file start10.pdb (PDB, C-alpha atoms and all ligand atoms)
MODEL        1
ATOM      1  CA  MET A   1      -0.812  -3.456  73.206
ATOM      2  CA  LEU A   2      -2.892  -0.351  72.468
ATOM      3  CA  GLN A   3      -3.581   0.622  68.904
ATOM      4  CA  PRO A   4      -1.472   3.459  67.518
ATOM      5  CA  LYS A   5      -3.447   6.701  67.289
ATOM      6  CA  LEU A   6      -3.212   9.437  64.747
ATOM      7  CA  LYS A   7      -0.946  12.350  65.747
ATOM      8  CA  SER A   8       0.872  10.159  68.274
ATOM      9  CA  LYS A   9       4.565  10.985  68.561
ATOM     10  CA  VAL A  10       6.869   8.385  67.041
ATOM     11  CA  ARG A  11      10.078   7.724  68.909
ATOM     12  CA  CYS A  12      13.046   5.721  67.721
ATOM     13  CA  THR A  13      15.691   4.354  70.051
ATOM     14  CA  ASP A  14      17.790   7.486  69.488
ATOM     15  CA  LEU A  15      15.308  10.328  68.880
ATOM     16  CA  ASP A  16      11.750  11.424  68.067
ATOM     17  CA  ILE A  17      11.228  11.192  64.323
ATOM     18  CA  GLY A  18       7.716  12.568  63.753
ATOM     19  CA  GLU A  19       4.117  11.591  64.168
ATOM     20  CA  VAL A  20       1.560   9.063  62.934
ATOM     21  CA  THR A  21      -0.444  10.454  60.038
ATOM     22  CA  ARG A  22      -2.234   7.316  58.819
ATOM     23  CA  VAL A  23      -2.555   3.677  59.664
ATOM     24  CA  VAL A  24      -2.642   0.792  57.214
ATOM     25  CA  LEU A  25      -5.091  -1.972  57.879
ATOM     26  CA  ASP A  26      -4.698  -5.587  56.854
ATOM     27  CA  PRO A  27      -8.072  -6.322  55.265
ATOM     28  CA  LEU A  28      -7.848 -10.029  56.144
ATOM     29  CA  SER A  29      -6.855  -9.899  59.799
ATOM     30  CA  HIS A  30      -8.527  -6.506  60.408
ATOM     31  CA  GLU A  31      -5.373  -5.534  62.332
ATOM     32  CA  ILE A  32      -3.169  -2.510  61.819
ATOM     33  CA  SER A  33      -0.212  -3.723  59.813
ATOM     34  CA  HIS A  34       1.719  -0.438  59.417
ATOM     35  CA  ILE A  35       1.777   3.109  60.598
ATOM     36  CA  VAL A  36       2.625   5.979  58.290
ATOM     37  CA  VAL A  37       5.050   8.358  59.917
ATOM     38  CA  SER A  38       5.537  11.956  58.866
ATOM     39  CA  MET A  39       9.292  12.387  59.338
ATOM     40  CA  ASN A  40       9.674  16.004  60.516
ATOM     41  CA  GLY A  41      10.141  17.425  57.017
ATOM     42  CA  SER A  42      11.735  14.337  55.404
ATOM     43  CA  GLY A  43       8.590  12.943  53.865
ATOM     44  CA  GLU A  44       6.545   9.977  55.004
ATOM     45  CA  ARG A  45       7.634   6.400  55.721
ATOM     46  CA  GLN A  46       5.510   3.330  56.096
ATOM     47  CA  VAL A  47       6.670   1.514  59.191
ATOM     48  CA  ALA A  48       5.616  -2.082  59.832
ATOM     49  CA  MET A  49       4.072  -2.863  63.221
ATOM     50  CA  GLY A  50       6.986  -5.252  63.714
ATOM     51  CA  HIS A  51       9.119  -2.170  64.475
ATOM     52  CA  VAL A  52       6.742  -1.055  67.217
ATOM     53  CA  GLN A  53       7.861  -1.869  70.722
ATOM     54  CA  ASP A  54       5.181  -0.118  72.696
ATOM     55  CA  VAL A  55       2.132   2.073  72.248
ATOM     56  CA  THR A  56       0.945   4.547  74.824
ATOM     57  CA  ASP A  57      -1.908   7.023  74.691
ATOM     58  CA  ASP A  58       0.089   9.654  72.864
ATOM     59  CA  ALA A  59       3.244   7.938  71.588
ATOM     60  CA  VAL A  60       4.537   5.040  69.610
ATOM     61  CA  GLN A  61       7.904   3.676  70.680
ATOM     62  CA  LEU A  62       9.915   1.916  67.962
ATOM     63  CA  ARG A  63      12.669  -0.574  68.621
ATOM     64  CA  THR A  64      14.640   0.814  65.642
ATOM     65  CA  ARG A  65      17.148   3.608  65.072
ATOM     66  CA  SER A  66      15.964   6.711  63.229
ATOM     67  CA  ALA A  67      18.522   6.139  60.423
ATOM     68  CA  ASP A  68      16.936   2.757  59.672
ATOM     69  CA  ILE A  69      13.466   4.286  59.457
ATOM     70  CA  LEU A  70      14.781   7.117  57.276
ATOM     71  CA  SER A  71      16.316   4.570  54.913
ATOM     72  CA  LEU A  72      12.910   3.003  54.245
ATOM     73  CA  PRO A  73      11.472   3.901  50.815
ATOM     74  CA  PRO A  74       9.129   6.932  50.819
ATOM     75  CA  PHE A  75       5.489   6.106  51.435
ATOM     76  CA  LYS A  76       3.486   5.788  48.170
ATOM     77  CA  ARG A  77      -0.031   6.998  48.784
ATOM     78  CA  GLU A  78      -1.201   5.784  45.344
ATOM     79  CA  ASP A  79      -0.737   2.164  46.442
ATOM     80  CA  TYR A  80      -3.591   2.506  48.956
ATOM     81  CA  VAL A  81      -7.195   3.441  49.174
ATOM     82  CA  THR A  82      -8.854   5.042  52.178
ATOM     83  CA  THR A  83     -11.956   3.770  53.861
ATOM     84  CA  HIS A  84     -13.737   6.660  52.139
ATOM     85  CA  GLU A  85     -12.868   5.367  48.706
ATOM     86  CA  VAL A  86     -13.975   1.771  49.093
ATOM     87  CA  GLU A  87     -16.760   0.040  50.964
ATOM     88  CA  ILE A  88     -14.832  -1.223  53.994
ATOM     89  CA  SER A  89     -16.548   0.618  56.786
ATOM     90  CA  HIS A  90     -16.802  -2.620  58.804
ATOM     91  CA  LEU A  91     -13.027  -2.474  59.234
ATOM     92  CA  GLU A  92     -13.325   0.784  61.130
ATOM     93  CA  ASP A  93     -15.171  -1.040  63.896
ATOM     94  CA  ASN A  94     -11.909  -2.743  64.697
ATOM     95  CA  ILE A  95      -9.780   0.322  65.093
ATOM     96  CA  HIS A  96     -10.172   3.718  66.646
ATOM     97  CA  VAL A  97      -8.918   6.255  64.206
ATOM     98  CA  THR A  98     -10.580   8.850  62.008
ATOM     99  CA  PRO A  99     -12.266   7.307  58.967
ATOM    100  CA  GLY A 100     -10.404   8.419  55.873
ATOM    101  CA  GLU A 101      -7.062   8.129  57.555
ATOM    102  CA  VAL A 102      -7.265   4.369  57.530
ATOM    103  CA  LEU A 103      -5.657   2.934  54.457
ATOM    104  CA  VAL A 104      -5.937  -0.478  52.939
ATOM    105  CA  PRO A 105      -3.556  -1.755  50.272
ATOM    106  CA  LEU A 106      -4.834  -1.437  46.748
ATOM    107  CA  PRO A 107      -5.502  -4.905  45.321
ATOM    108  CA  ASP A 108      -2.585  -5.993  43.122
ATOM    109  CA  LEU A 109      -4.870  -6.182  40.124
ATOM    110  CA  GLU A 110      -5.606  -2.477  40.474
ATOM    111  CA  LYS A 111      -2.017  -1.592  41.265
ATOM    112  CA  ASP A 112      -0.780  -3.144  38.044
ATOM    113  CA  VAL A 113      -2.956  -1.031  35.785
ATOM    114  CA  LYS A 114       0.003   0.254  33.771
ATOM    115  CA  ARG A 115       1.344  -3.234  33.199
ATOM    116  CA  ARG A 116      -2.127  -4.553  32.340
ATOM    117  CA  THR A 117      -2.732  -1.660  29.974
ATOM    118  CA  PHE A 118       0.566  -2.464  28.305
ATOM    119  CA  PHE A 119      -0.414  -6.119  27.866
ATOM    120  CA  MET A 120      -3.877  -5.118  26.646
ATOM    121  CA  ASN A 121      -2.390  -2.764  24.045
ATOM    122  CA  PHE A 122       0.181  -5.367  23.132
ATOM    123  CA  THR A 123      -2.640  -7.887  22.554
ATOM    124  CA  HIS A 124      -4.467  -5.368  20.364
ATOM    125  CA  VAL A 125      -1.347  -4.758  18.283
ATOM    126  CA  ILE A 126      -0.805  -8.505  17.821
ATOM    127  CA  GLY A 127      -4.481  -8.914  16.858
ATOM    128  CA  PHE A 128      -4.183  -6.045  14.406
ATOM    129  CA  LEU A 129      -1.053  -7.540  12.816
ATOM    130  CA  ILE A 130      -2.690 -10.958  12.504
ATOM    131  CA  GLY A 131      -5.873  -9.434  11.024
ATOM    132  CA  LEU A 132      -4.084  -7.067   8.656
ATOM    133  CA  PRO A 133      -3.395  -9.544   5.810
ATOM    134  CA  ILE A 134      -7.086 -10.501   5.834
ATOM    135  CA  ALA A 135      -8.425  -6.959   6.131
ATOM    136  CA  TYR A 136      -6.019  -5.299   3.687
ATOM    137  CA  PRO A 137      -7.485  -6.661   0.390
ATOM    138  CA  ILE A 138     -11.011  -5.900   1.620
ATOM    139  CA  LEU A 139     -10.074  -2.348   2.619
ATOM    140  CA  ARG A 140      -8.233  -1.847  -0.648
ATOM    141  CA  PHE A 141     -11.287  -3.002  -2.581
ATOM    142  CA  LEU A 142     -13.639  -0.750  -0.600
ATOM    143  CA  MET A 143     -11.387   2.302  -0.877
ATOM    144  CA  GLN A 144     -10.509   1.795  -4.516
ATOM    145  CA  PRO A 145     -13.078   4.313  -5.836
ATOM    146  CA  MET A 146     -11.596   7.056  -3.649
ATOM    147  CA  TYR A 147      -8.233   6.744  -5.363
ATOM    148  CA  ALA A 148      -9.406   5.917  -8.854
ATOM    149  CA  ASP A 149      -7.888   8.001 -11.619
ATOM    150  CA  PHE A 150     -10.084  10.605 -13.314
ATOM    151  CA  ASP A 151     -12.081   9.352 -16.229
ATOM    152  CA  ASN A 152     -10.430  10.846 -19.309
ATOM    153  CA  GLN A 153     -12.810   9.340 -21.817
ATOM    154  CA  TRP A 154     -13.699  11.347 -24.901
ATOM    155  CA  LEU A 155     -17.401  12.214 -25.060
ATOM    156  CA  LYS A 156     -19.271  13.098 -28.239
ATOM    157  CA  VAL A 157     -21.206  16.333 -27.763
ATOM    158  CA  GLY A 158     -22.488  17.262 -31.261
ATOM    159  CA  ASN A 159     -21.430  18.623 -34.605
ATOM    160  CA  VAL A 160     -19.740  21.951 -35.360
ATOM    161  CA  SER A 161     -22.333  22.603 -38.071
ATOM    162  CA  LYS A 162     -24.358  24.010 -35.166
ATOM    163  CA  ILE A 163     -21.914  26.934 -34.953
ATOM    164  CA  LYS A 164     -22.924  29.609 -37.425
ATOM    165  CA  GLN A 165     -20.626  32.483 -36.465
ATOM    166  CA  GLU A 166     -17.025  32.902 -35.340
ATOM    167  CA  ASP A 167     -16.165  34.036 -31.788
ATOM    168  CA  VAL A 168     -19.681  33.324 -30.599
ATOM    169  CA  GLY A 169     -20.334  30.932 -27.711
ATOM    170  CA  VAL A 170     -22.606  28.005 -28.579
ATOM    171  CA  GLN A 171     -23.884  25.663 -25.925
ATOM    172  CA  PHE A 172     -23.622  21.904 -26.532
ATOM    173  CA  LYS A 173     -25.538  19.590 -24.196
ATOM    174  CA  TYR A 174     -24.520  16.009 -23.626
ATOM    175  CA  LYS A 175     -25.212  13.136 -21.303
ATOM    176  CA  LYS A 176     -22.610  11.620 -19.074
ATOM    177  CA  ALA A 177     -22.786   8.266 -17.318
ATOM    178  CA  VAL A 178     -21.785   8.642 -13.690
ATOM    179  CA  LYS A 179     -20.679   5.860 -11.410
ATOM    180  CA  GLU A 180     -20.487   6.918  -7.793
ATOM    181  CA  VAL A 181     -18.701   4.518  -5.489
ATOM    182  CA  TYR A 182     -21.052   1.524  -5.037
ATOM    183  CA  MET A 183     -24.197   3.117  -6.522
ATOM    184  CA  PRO A 184     -25.568   1.897  -9.837
ATOM    185  CA  VAL A 185     -24.536   3.876 -12.926
ATOM    186  CA  TYR A 186     -26.821   6.803 -13.773
ATOM    187  CA  GLU A 187     -26.786   9.594 -16.390
ATOM    188  CA  ILE A 188     -26.597  13.330 -15.876
ATOM    189  CA  GLU A 189     -27.038  16.121 -18.404
ATOM    190  CA  LYS A 190     -24.128  18.501 -18.756
ATOM    191  CA  ASN A 191     -23.147  21.280 -21.096
ATOM    192  CA  VAL A 192     -20.078  22.779 -22.643
ATOM    193  CA  TRP A 193     -19.586  26.056 -24.537
ATOM    194  CA  ILE A 194     -17.785  25.831 -27.846
ATOM    195  CA  LEU A 195     -16.559  28.591 -30.137
ATOM    196  CA  ARG A 196     -15.088  28.616 -33.600
ATOM    197  CA  ALA A 197     -12.409  31.188 -32.967
ATOM    198  CA  THR A 198     -10.891  33.744 -35.324
ATOM    199  CA  PRO A 199      -7.069  33.774 -35.502
ATOM    200  CA  GLU A 200      -7.100  36.882 -33.283
ATOM    201  CA  LEU A 201      -9.098  35.128 -30.580
ATOM    202  CA  LEU A 202      -6.914  32.002 -30.878
ATOM    203  CA  GLU A 203      -3.852  34.170 -30.376
ATOM    204  CA  ARG A 204      -5.391  35.757 -27.265
ATOM    205  CA  VAL A 205      -6.319  32.381 -25.823
ATOM    206  CA  TYR A 206      -3.168  30.417 -26.638
ATOM    207  CA  GLN A 207      -0.622  33.273 -26.732
ATOM    208  CA  GLY A 208       1.408  31.325 -29.267
ATOM    209  CA  LYS A 209       1.617  28.077 -27.226
ATOM    210  CA  ASP A 210      -0.294  24.833 -27.446
ATOM    211  CA  SER A 211      -2.301  23.999 -24.323
ATOM    212  CA  GLU A 212      -1.374  20.735 -22.612
ATOM    213  CA  PHE A 213      -3.552  18.703 -20.246
ATOM    214  CA  ARG A 214      -1.886  16.337 -17.803
ATOM    215  CA  ASP A 215      -3.189  13.917 -15.179
ATOM    216  CA  ALA A 216      -2.325  14.069 -11.479
ATOM    217  CA  ARG A 217       0.841  12.032 -12.085
ATOM    218  CA  GLY A 218       1.995  14.442 -14.772
ATOM    219  CA  LYS A 219       1.251  12.094 -17.672
ATOM    220  CA  ALA A 220       0.096  13.929 -20.816
ATOM    221  CA  ILE A 221      -3.592  13.402 -21.609
ATOM    222  CA  TRP A 222      -4.071  15.660 -24.591
ATOM    223  CA  THR A 223      -2.823  18.843 -26.240
ATOM    224  CA  ASN A 224      -5.139  21.493 -27.687
ATOM    225  CA  LYS A 225      -3.219  22.786 -30.706
ATOM    226  CA  LYS A 226      -3.056  26.554 -31.025
ATOM    227  CA  GLU A 227      -4.015  26.482 -34.727
ATOM    228  CA  VAL A 228      -7.201  24.382 -34.264
ATOM    229  CA  PRO A 229      -9.994  26.963 -34.330
ATOM    230  CA  TYR A 230     -12.313  25.288 -31.843
ATOM    231  CA  ILE A 231     -12.271  26.113 -28.142
ATOM    232  CA  ALA A 232     -14.360  24.417 -25.456
ATOM    233  CA  PHE A 233     -15.179  25.817 -22.022
ATOM    234  CA  SER A 234     -16.623  23.852 -19.102
ATOM    235  CA  GLY A 235     -20.255  24.875 -18.504
ATOM    236  CA  LYS A 236     -19.582  25.688 -14.825
ATOM    237  CA  CYS A 237     -18.659  29.174 -13.678
ATOM    238  CA  PRO A 238     -15.315  29.077 -11.809
ATOM    239  CA  HIS A 239     -16.740  31.376  -9.146
ATOM    240  CA  LEU A 240     -19.203  29.004  -7.449
ATOM    241  CA  GLY A 241     -20.149  26.577 -10.209
ATOM    242  CA  CYS A 242     -23.341  28.125 -11.645
ATOM    243  CA  GLY A 243     -24.253  27.709 -15.290
ATOM    244  CA  PHE A 244     -23.556  30.787 -17.428
ATOM    245  CA  LYS A 245     -24.908  32.049 -20.752
ATOM    246  CA  TRP A 246     -23.734  33.834 -23.891
ATOM    247  CA  ARG A 247     -25.315  37.278 -23.690
ATOM    248  CA  GLN A 248     -25.227  40.750 -25.221
ATOM    249  CA  HIS A 249     -23.839  43.257 -22.707
ATOM    250  CA  LYS A 250     -24.713  46.905 -23.229
ATOM    251  CA  THR A 251     -21.133  48.182 -23.092
ATOM    252  CA  LEU A 252     -18.942  45.089 -23.404
ATOM    253  CA  GLY A 253     -20.663  43.555 -26.406
ATOM    254  CA  GLN A 254     -21.151  39.783 -26.526
ATOM    255  CA  VAL A 255     -19.856  38.037 -23.417
ATOM    256  CA  PHE A 256     -20.295  35.002 -21.224
ATOM    257  CA  LEU A 257     -22.441  36.189 -18.317
ATOM    258  CA  CYS A 258     -23.021  34.263 -15.112
ATOM    259  CA  PRO A 259     -26.338  35.340 -13.545
ATOM    260  CA  CYS A 260     -25.515  34.121 -10.039
ATOM    261  CA  HIS A 261     -23.057  36.854  -9.058
ATOM    262  CA  LEU A 262     -22.624  38.610 -12.381
ATOM    263  CA  SER A 263     -19.195  37.417 -13.398
ATOM    264  CA  ILE A 264     -18.481  38.389 -16.977
ATOM    265  CA  TYR A 265     -15.996  36.691 -19.324
ATOM    266  CA  ASP A 266     -14.933  37.548 -22.849
ATOM    267  CA  ALA A 267     -15.112  35.058 -25.730
ATOM    268  CA  GLY A 268     -11.652  33.765 -24.775
ATOM    269  CA  GLY A 269     -12.835  33.038 -21.223
ATOM    270  CA  LYS A 270     -10.940  35.932 -19.578
ATOM    271  CA  VAL A 271     -12.653  37.590 -16.614
ATOM    272  CA  LEU A 272     -13.905  41.101 -17.499
ATOM    273  CA  ASP A 273     -15.927  41.770 -14.357
ATOM    274  CA  GLY A 274     -17.390  40.189 -11.222
ATOM    275  CA  PRO A 275     -16.071  37.939  -8.441
ATOM    276  CA  ALA A 276     -14.766  35.031 -10.565
ATOM    277  CA  PRO A 277     -11.244  34.105  -9.346
ATOM    278  CA  ARG A 278      -9.988  32.733 -12.690
ATOM    279  CA  SER A 279     -10.790  32.462 -16.390
ATOM    280  CA  LEU A 280     -13.302  29.956 -17.721
ATOM    281  CA  ASP A 281     -11.971  26.394 -17.641
ATOM    282  CA  ALA A 282     -10.932  25.300 -21.143
ATOM    283  CA  LEU A 283     -11.351  21.588 -21.899
ATOM    284  CA  PRO A 284      -9.581  19.179 -24.233
ATOM    285  CA  ILE A 285     -11.399  19.240 -27.560
ATOM    286  CA  LYS A 286     -11.033  17.414 -30.867
ATOM    287  CA  VAL A 287     -13.106  17.755 -34.023
ATOM    288  CA  SER A 288     -13.290  14.985 -36.591
ATOM    289  CA  ALA A 289     -13.147  15.541 -40.352
ATOM    290  CA  GLY A 290     -16.934  15.230 -40.403
ATOM    291  CA  GLY A 291     -17.245  17.962 -37.761
ATOM    292  CA  GLU A 292     -18.106  15.705 -34.793
ATOM    293  CA  VAL A 293     -16.947  17.331 -31.582
ATOM    294  CA  GLU A 294     -15.535  15.357 -28.691
ATOM    295  CA  ILE A 295     -14.415  16.712 -25.368
ATOM    296  CA  ILE A 296     -12.940  15.304 -22.199
ATOM    297  CA  ASP A 297     -15.309  16.247 -19.408
ATOM    298  CA  MET A 298     -13.298  17.800 -16.590
ATOM    299  CA  GLU A 299     -14.477  19.719 -13.555
ATOM    300  CA  PHE A 300     -12.389  21.985 -11.399
ATOM    301  CA  LYS A 301     -12.858  23.253  -7.876
ATOM    302  CA  ALA A 302     -14.928  26.445  -7.793
ATOM    303  CA  GLY A 303     -13.721  29.595  -6.064
ATOM    304  CA  THR A 304      -9.973  28.998  -6.359
ATOM    305  CA  LYS A 305      -7.474  31.043  -8.304
ATOM    306  CA  SER A 306      -5.685  27.984  -9.605
ATOM    307  CA  GLN A 307      -7.341  25.064 -11.340
ATOM    308  CA  ILE A 308      -7.785  22.031  -9.063
ATOM    309  CA  ARG A 309      -9.377  19.133 -10.865
ATOM    310  CA  ILE A 310     -12.176  17.329  -9.008
ATOM    311  CA  VAL A 311     -13.823  15.242 -11.773
TER     312      VAL A 311
HETATM  313  S1  LIG A 401     -21.273  31.406  -9.713
HETATM  314 FE1  LIG A 401     -20.915  32.541 -11.450
HETATM  315  S2  LIG A 401     -20.574  34.478 -10.685
HETATM  316 FE2  LIG A 401     -20.912  33.344  -8.940
ENDMDL
END

call {"tool": "encode", "arguments": {"input": "start10.pdb", "output": "structure tokens"}}
result
Amino acid sequence: MLQPKLKSKVRCTDLDIGEVTRVVLDPLSHEISHIVVSMNGSGERQVAMGHVQDVTDDAVQLRTRSADILSLPPFKREDYVTTHEVEISHLEDNIHVTPGEVLVPLPDLEKDVKRRTFFMNFTHVIGFLIGLPIAYPILRFLMQPMYADFDNQWLKVGNVSKIKQEDVGVQFKYKKAVKEVYMPVYEIEKNVWILRATPELLERVYQGKDSEFRDARGKAIWTNKKEVPYIAFSGKCPHLGCGFKWRQHKTLGQVFLCPCHLSIYDAGGKVLDGPAPRSLDALPIKVSAGGEVEIIDMEFKAGTKSQIRIV
């Protein structure tokens, strides 16, 4: 029997059903195992050579009724590769059709990619679940510093005897031990501004209410009492974190002045001028009977209107 050719008419026992658009080659026998028939507008069907009764130069005669061919499942191109896609040019020696129109079945291993991917992912999930109890304590240990609570230790910064005048900012320097993740502990020098406030300034700062400090979980850390005349401000400007000074301003009198972008604050920390988005950051402060000052060192995000604690 001749080999079916592309574009040959395909005839069933009752009528012509279309034409051959591709042929499928058996890679083992090197014989055509199927023809693909374009069904005159009803899609393509893959018809086994067993249905073929005769092949002439321009037609393929089937021994089947058209309804039986139509009832075959639609041809699935994705289950095949062409001779262009894989190195099987030797197969074309055996047949006489246009290269590229000859299909060979995709190996089952390739065809089952979705199922294999599922099993691969499934294996990964199982591996992850088995490894989780081992990895969890290690991960928790490594990530612990990221979720550690803020250090609310009291730090001694000096004695109030250093303050000679009321409502005047005095800088106190102190050292703080810093422990960053897995680095060894080291010390940094920091500063805080402290004032002995007159009752008028206290009233402006506290507006009749004590000032409470709470941690991220809402637990009270400390309360600055409105009648205690000492006020402490973080040494970092809330604009972008520069250090500021207590300076004489030609029209505003004595103020806190930040040289970086010229933010100006009054003795109570309120912004008088410049780009600062909020008042100076007041800190928890306590003063012992002997005048020793302790503060809790807190740092807040720069550039934000509200206070967001970062240290
Ligand atoms: S950092 Fe102080 S004004 Fe910009």

call {"tool": "residues_around", "arguments": {"input": "start10.pdb", "residues": "A:Trp246", "least_positions_apart": "2", "cutoff": "6 Å", "atoms": "only C-alpha atoms", "output": "list in words"}}
result
Gly169, Val255 and Phe256 of chain A

call {"tool": "write_last_selection", "arguments": {"input": "start10.pdb", "atoms": "C-alpha atoms", "output": "compact mmCIF listing (two decimals), in the coordinates of the input"}}
result
# COMPACT_ATOMS: atom_id res chain seq x y z
CA GLY A 169 -20.33 30.93 -27.71
CA VAL A 255 -19.86 38.04 -23.42
CA PHE A 256 -20.30 35.00 -21.22

call {"tool": "resolve_selection", "arguments": {"input": "start10.pdb", "expression": "the PyMOL selection byres (((chain A and resi 156-164) around 12) and not hetatm)", "output": "MDAnalysis selection string"}}
result
chainID A and resid 153:155 165:176 189:197 229:232 285:297

call {"tool": "residues_near_ligand", "arguments": {"input": "start10.pdb", "ligand": "ligand LIG 401 (chain A)", "cutoff": "8 Å", "atoms": "all atoms listed in the file", "output": "tab-separated table (two decimals) with C-alpha atoms, in the frame of the given file"}}
result
chain	number	residue	atom	x	y	z
A	236	LYS	CA	-19.58	25.69	-14.82
A	237	CYS	CA	-18.66	29.17	-13.68
A	238	PRO	CA	-15.32	29.08	-11.81
A	239	HIS	CA	-16.74	31.38	-9.15
A	240	LEU	CA	-19.20	29.00	-7.45
A	241	GLY	CA	-20.15	26.58	-10.21
A	242	CYS	CA	-23.34	28.12	-11.64
A	243	GLY	CA	-24.25	27.71	-15.29
A	244	PHE	CA	-23.56	30.79	-17.43
A	257	LEU	CA	-22.44	36.19	-18.32
A	258	CYS	CA	-23.02	34.26	-15.11
A	259	PRO	CA	-26.34	35.34	-13.54
A	260	CYS	CA	-25.52	34.12	-10.04
A	261	HIS	CA	-23.06	36.85	-9.06
A	262	LEU	CA	-22.62	38.61	-12.38
A	263	SER	CA	-19.20	37.42	-13.40
A	264	ILE	CA	-18.48	38.39	-16.98
A	274	GLY	CA	-17.39	40.19	-11.22
A	275	PRO	CA	-16.07	37.94	-8.44
A	276	ALA	CA	-14.77	35.03	-10.56

call {"tool": "closest_residue", "arguments": {"input": "start10.pdb", "among": "A:Ser71, A:Thr123, A:Ser29, A:Gln61", "to": "A:Leu2", "atoms": "only C-alpha atoms"}}
result
A:Gln61

call {"tool": "resolve_selection", "arguments": {"input": "start10.pdb", "expression": "the PyMOL selection byres (((chain A and resi 19) around 9) and not hetatm)", "output": "PyMOL selection string"}}
result
chain A and resi 6-11+16-18+20-21+36-40+59-60

call {"tool": "resolve_selection", "arguments": {"input": "start10.pdb", "expression": "the PyMOL selection byres (((chain A and resi 227) around 9) and not hetatm)", "output": "mmCIF file with C-alpha atoms, keeping the file's coordinate frame"}}
result
data_model
loop_
_atom_site.group_PDB
_atom_site.id
_atom_site.type_symbol
_atom_site.label_atom_id
_atom_site.label_comp_id
_atom_site.auth_asym_id
_atom_site.auth_seq_id
_atom_site.Cartn_x
_atom_site.Cartn_y
_atom_site.Cartn_z
ATOM 1 C CA PRO A 199 -7.069 33.774 -35.502
ATOM 2 C CA LEU A 202 -6.914 32.002 -30.878
ATOM 3 C CA GLU A 203 -3.852 34.170 -30.376
ATOM 4 C CA ASP A 210 -0.294 24.833 -27.446
ATOM 5 C CA ASN A 224 -5.139 21.493 -27.687
ATOM 6 C CA LYS A 225 -3.219 22.786 -30.706
ATOM 7 C CA LYS A 226 -3.056 26.554 -31.025
ATOM 8 C CA VAL A 228 -7.201 24.382 -34.264
ATOM 9 C CA PRO A 229 -9.994 26.963 -34.330
ATOM 10 C CA TYR A 230 -12.313 25.288 -31.843
#

call {"tool": "residues_near_point", "arguments": {"input": "start10.pdb", "point": "(-4.6, 2.6, 70.9)", "cutoff": "8 Å", "atoms": "all atoms listed in the file", "output": "PDB file with C-alpha atoms, keeping the file's coordinate frame"}}
result
ATOM      1  CA  MET A   1      -0.812  -3.456  73.206  1.00  0.00           C
ATOM      2  CA  LEU A   2      -2.892  -0.351  72.468  1.00  0.00           C
ATOM      3  CA  GLN A   3      -3.581   0.622  68.904  1.00  0.00           C
ATOM      4  CA  PRO A   4      -1.472   3.459  67.518  1.00  0.00           C
ATOM      5  CA  LYS A   5      -3.447   6.701  67.289  1.00  0.00           C
ATOM      6  CA  VAL A  55       2.132   2.073  72.248  1.00  0.00           C
ATOM      7  CA  THR A  56       0.945   4.547  74.824  1.00  0.00           C
ATOM      8  CA  ASP A  57      -1.908   7.023  74.691  1.00  0.00           C
ATOM      9  CA  HIS A  96     -10.172   3.718  66.646  1.00  0.00           C
TER      10      HIS A  96
END

call {"tool": "residues_around", "arguments": {"input": "start10.pdb", "residues": "A:Arg309", "least_positions_apart": "5", "cutoff": "7 Å", "atoms": "all atoms listed in the file", "output": "list of chain:residue names"}}
result
A:Glu299, A:Phe300, A:Lys301

call {"tool": "axis_aligned_box", "arguments": {"input": "start10.pdb", "around": "stretch 256-261 of chain A", "padding_each_side": "4 Å", "output": "AutoDock Vina command-line options"}}
result
--center_x -23.3 --center_y 35.5 --center_z -15.1 --size_x 14.0 --size_y 10.7 --size_z 20.2

call {"tool": "residues_around", "arguments": {"input": "start10.pdb", "residues": "A:Met298", "least_positions_apart": "6", "cutoff": "9 Å", "atoms": "all atoms listed in the file", "output": "list of chain:residue names"}}
result
A:Phe150, A:Asp151, A:Asn152, A:Ser234, A:Asp281, A:Leu283, A:Pro284, A:Arg309, A:Ile310, A:Val311

call {"tool": "atom_distance", "arguments": {"input": "start10.pdb", "atom1": "atom CA of A:Lys250", "atom2": "atom CA of A:Ala282"}}
result
25.7 Å

call {"tool": "atom_distance", "arguments": {"input": "start10.pdb", "atom1": "atom CA of A:Phe213", "atom2": "atom CA of A:Phe233"}}
result
13.7 Å

call {"tool": "closest_residue", "arguments": {"input": "start10.pdb", "among": "A:Cys12, A:Lys305, A:Ile130, A:Arg217", "to": "A:Asp54", "atoms": "only C-alpha atoms"}}
result
A:Cys12

call {"tool": "atom_distance", "arguments": {"input": "start10.pdb", "atom1": "atom CA of A:Arg140", "atom2": "atom CA of A:Met183"}}
result
17.7 Å
